Amino acid sequence: MSKGLFDLAHSVEASAAGAPDLANEPAGSAVSRRTFLKFGMTLGAAAGGGLLLGFSVRADAATDRGAHARRSAVEGQASEVAAPGTFAPNAFIRIDRESRVTLVMPKVEMGQGVYTSIPMLIAEELAVPLQQVTLDHAPPDDKLYGDPLLGGGQITGGSTSIRFAWQPMRQAGATARALLVSAAARQWRVDPASCTARAGEVVHTPSGRRIAYGKLVDAAAKLPLPTTVPLKDPKDFELIGKPTDRLDSAQKVDGTALFGFDVRLPGMVYAAIVNCPVFGGTMESVDDTRAKQVPGVHQVVKLDNAVAVVAAHTWAAKQGVAALDIKWNGGQAATLSTQKIFTDLAEASRRDGAVARKEGDVGKAFGEAKARIDAVYEQPLLAHATMEPINCTVHVRADRCDIWVGTQVPTIARAAGAKVTGLPPEKVAVHNHLLGGGFGRRLEVDAIVQALKIGKAVDSPVKVVWTREEDVQHDMYRPCYYDRISAGLDANGKPIAWQHRVVGSSILARFAPAVVKNGVDPDAVEVAAELPYSLPNQLVDYVREEPGPIPTAFWRGVGATRGTFVVESFIDELAVHAGIDPVKYRLDLLGDAPRAAHVLQVATREAGWGSAMPKGKGRGVSVMHAFGSYLSMVAEVTVEGGAVKVDRVVCAVDCGMAVNPRTIEAQIQGGVVFGITGALYSEITIKDGRVEQSNFTDYRVLRLNETPEIVVHIVKSGEAPGGIGEPGTSALAPALTNAIFAATGKRIRKLPVGEQLKTA
């Protein structure tokens, strides 16, 4: 997901459930100790034009005897206000009398490292050791924890976590530090300017006196909030920019980290489920006689398009599902196939689309061109295949509903709970947990809604778990796409006309229809409509064509992933046609994008671009600008007997200020592995309205022994941070397929690569 793709998305979801909408709140509200500081500042650098930060926790909450004690991260949710004896100057930081610092985390951790990088921002400005910061999951609250880059919703996605946190979290830490310093100065009756904060203490520099933060919390809580607090100069950073080990690694290694799958509650029962195998189908009838005879089975819950078996343990529930005799009504989708889907896409590509970008006169430029190159690119449906299968635990009662889950959208999950149960949102509690992989799958609440419907029929807490087969065959898929792209070249082989038609599903038309303007889905045309290259005449348009009833959703950078593959593959084709080195060809077109040109130069230099490669080996390159970051990637491959082995990937990334270089490197490495999997193997195919793949046996992932050497070069930059979770995946496929062309002369225009080289 790109910047702005969720604009209005949450307000659309929230308005249906009566939830508050951040987008309409005024900026610049008055500040006082006993009132809410609605929006503290405008942070242009982080938002690219205005980021509103919501501070809305009372400064006197530390002495409010009626305040609720916070819930621990083990329970999966923090309370709305701080416990007595706790200094809470804003929505994100709490410091108790023992000097323990708690960060109320507005984002969720799904392997991307934000549970280390965001605490680094707080610790830097608060002047405490990183190990002194502990975390609580933030409760669902858009006004306190909404991300303006994602439309104001409390959402983790779109590679926005650090972009969102960069200014607000530092400001939160600096505000707390300023209040603590002021409290100490008052106690010592000295000028605050003579005091500094260091390692969780305030130090009076002339006398050497020092006092721990915990001894200042009561006094600091009584001070008025400062209207402005200066942030550290980057040259004074002690944590930011330093390679730092992940804080959550030990718990994930020793098994104490709690994911949604790990929830255990008193009296909890377990549900296994079987969904209608045909998209859009319904249940015609079910004979559950044998299922109810399985020892441990408690009950069978029938939904319109699914059947769940509830039992004392998972094995009994699975055995009960296997014993069901179900007849499904597939409906019209029972004849749907992958071939039909792509036939429809091809036919749709003949229609004029909604214009996403238009510059110059493309028709005239094609008429003046010395050569014209046309190509069609195809990309398949893709599943998310997260390591943690889909699961959700619920307890639905007449007056309250609790949801234990790992979700990227806690407020939307709460709204779903309110809608299904009929309860007001304040009676629905979402206990969020670590996610065993998200990739966009857990931006959706379909499984939560299903668990709630089952929970309404069960008198105790019930954990609903999808098997891997249910997960793969009932995912919400990355859309398939069909791209027609053409270029007119001048006498020197440079493009003077560029026309690109994107054809595919519109995720945003479902997720956030207000964002789709004049027929253009901004996610579908991302990268395609925002090229880093200087091209004089461009026409980029979009044709919406849905794959029947198959649900589509975000997948680790949908627009950027699919768009970069098409654009960077086609640029390579143009370079080959012109007889110009692909790197030089790109550099000649990047005169107005110096950051893109620089990462291209770094990546190719470090990869040894231009050096000879043995027969059967090839080297390919790509450039990408998306998520606020610039990235170039060089892939080296060996092709033998039609099989592709990726030997090495060299990446240069300019993501602005690098908060934790170690996390950035890991994110790129993980993105590369995810991208190789997608480019070489991943494909969801449909036959008779059903997904043919079912598990990692036929929806395979890259294996450990197949993983290449991955070298990451982080370009030093003073710019505000860009996103990093999705760029590695987005840039990989074209670098890989361009390398295949260099090794074999075979141009790959259809993903996955699969068996194409064996049949060439």
# chains A, B, ... in the order shown; residues from 1 in each chain; ligands from 1
>>> closest_atom_pairs(of="segment 651-747 of chain A", to="segment 538-549 of chain A", cutoff="12 Å", atoms="only C-alpha atoms", output="JSON lines")
{"residue": "A:Thr685", "atom": "CA", "partner": "A:Pro547", "partner_atom": "CA", "distance": 11.6}
{"residue": "A:Ile686", "atom": "CA", "partner": "A:Pro547", "partner_atom": "CA", "distance": 10.3}
{"residue": "A:Gly689", "atom": "CA", "partner": "A:Pro549", "partner_atom": "CA", "distance": 9.2}
{"residue": "A:Arg690", "atom": "CA", "partner": "A:Pro549", "partner_atom": "CA", "distance": 11.1}
>>> residues_around(residues="segment 121-138 of chain A", least_positions_apart="6", cutoff="8 Å", atoms="only C-alpha atoms", output="PyMOL selection string")
chain A and resi 71-73+76-79+100-108+115+145+165-166+169-174+176-177+197-201+231-232+237-240+247+432-433+659
>>> closest_residue(among="A:Glu726, A:Asp352, A:Glu98, A:Glu683", to="Tyr630 of chain A", atoms="only C-alpha atoms")
A:Glu726
>>> residues_around(residues="Thr411 of chain A", least_positions_apart="6", cutoff="7 Å", atoms="only C-alpha atoms", output="PyMOL selection string")
chain A and resi 140-142+154
>>> write_last_selection(atoms="N, CA and C atoms", output="CSV table (one decimal), in the first residue's frame")
chain,number,residue,atom,x,y,z
A,140,PRO,N,-7.7,0.0,20.9
A,140,PRO,CA,-8.3,0.6,19.7
A,140,PRO,C,-8.7,2.0,19.9
A,141,ASP,N,-8.1,2.9,19.2
A,141,ASP,CA,-8.5,4.3,19.4
A,141,ASP,C,-7.8,5.1,18.3
A,142,ASP,N,-8.6,5.5,17.3
A,142,ASP,CA,-8.1,6.2,16.2
A,142,ASP,C,-7.7,7.6,16.6
A,154,GLN,N,-6.1,3.5,12.9
A,154,GLN,CA,-5.1,2.8,13.6
A,154,GLN,C,-4.7,1.5,12.9
>>> select_by_dssp(residues="segment 500-646 of chain A", states="alpha helix (DSSP H)", output="PyMOL selection string")
chain A and resi 507-511+558-578+582-589+594-607
>>> closest_residue(among="A:Thr196, A:Gln339, A:Thr156, A:Thr564", to="Gly111 of chain A", atoms="only C-alpha atoms")
A:Thr156
>>> closest_residue(among="A:His577, A:Arg662, A:Arg189, A:Arg619", to="Asn738 of chain A", atoms="only C-alpha atoms")
A:Arg619
>>> closest_residue(among="A:Pro89, A:Pro495, A:Pro614, A:Gly113", to="Ala371 of chain A", atoms="only C-alpha atoms")
A:Pro495
>>> closest_residue(among="A:Arg510, A:Arg562, A:Arg397, A:Arg484", to="Glu347 of chain A", atoms="only C-alpha atoms")
A:Arg484
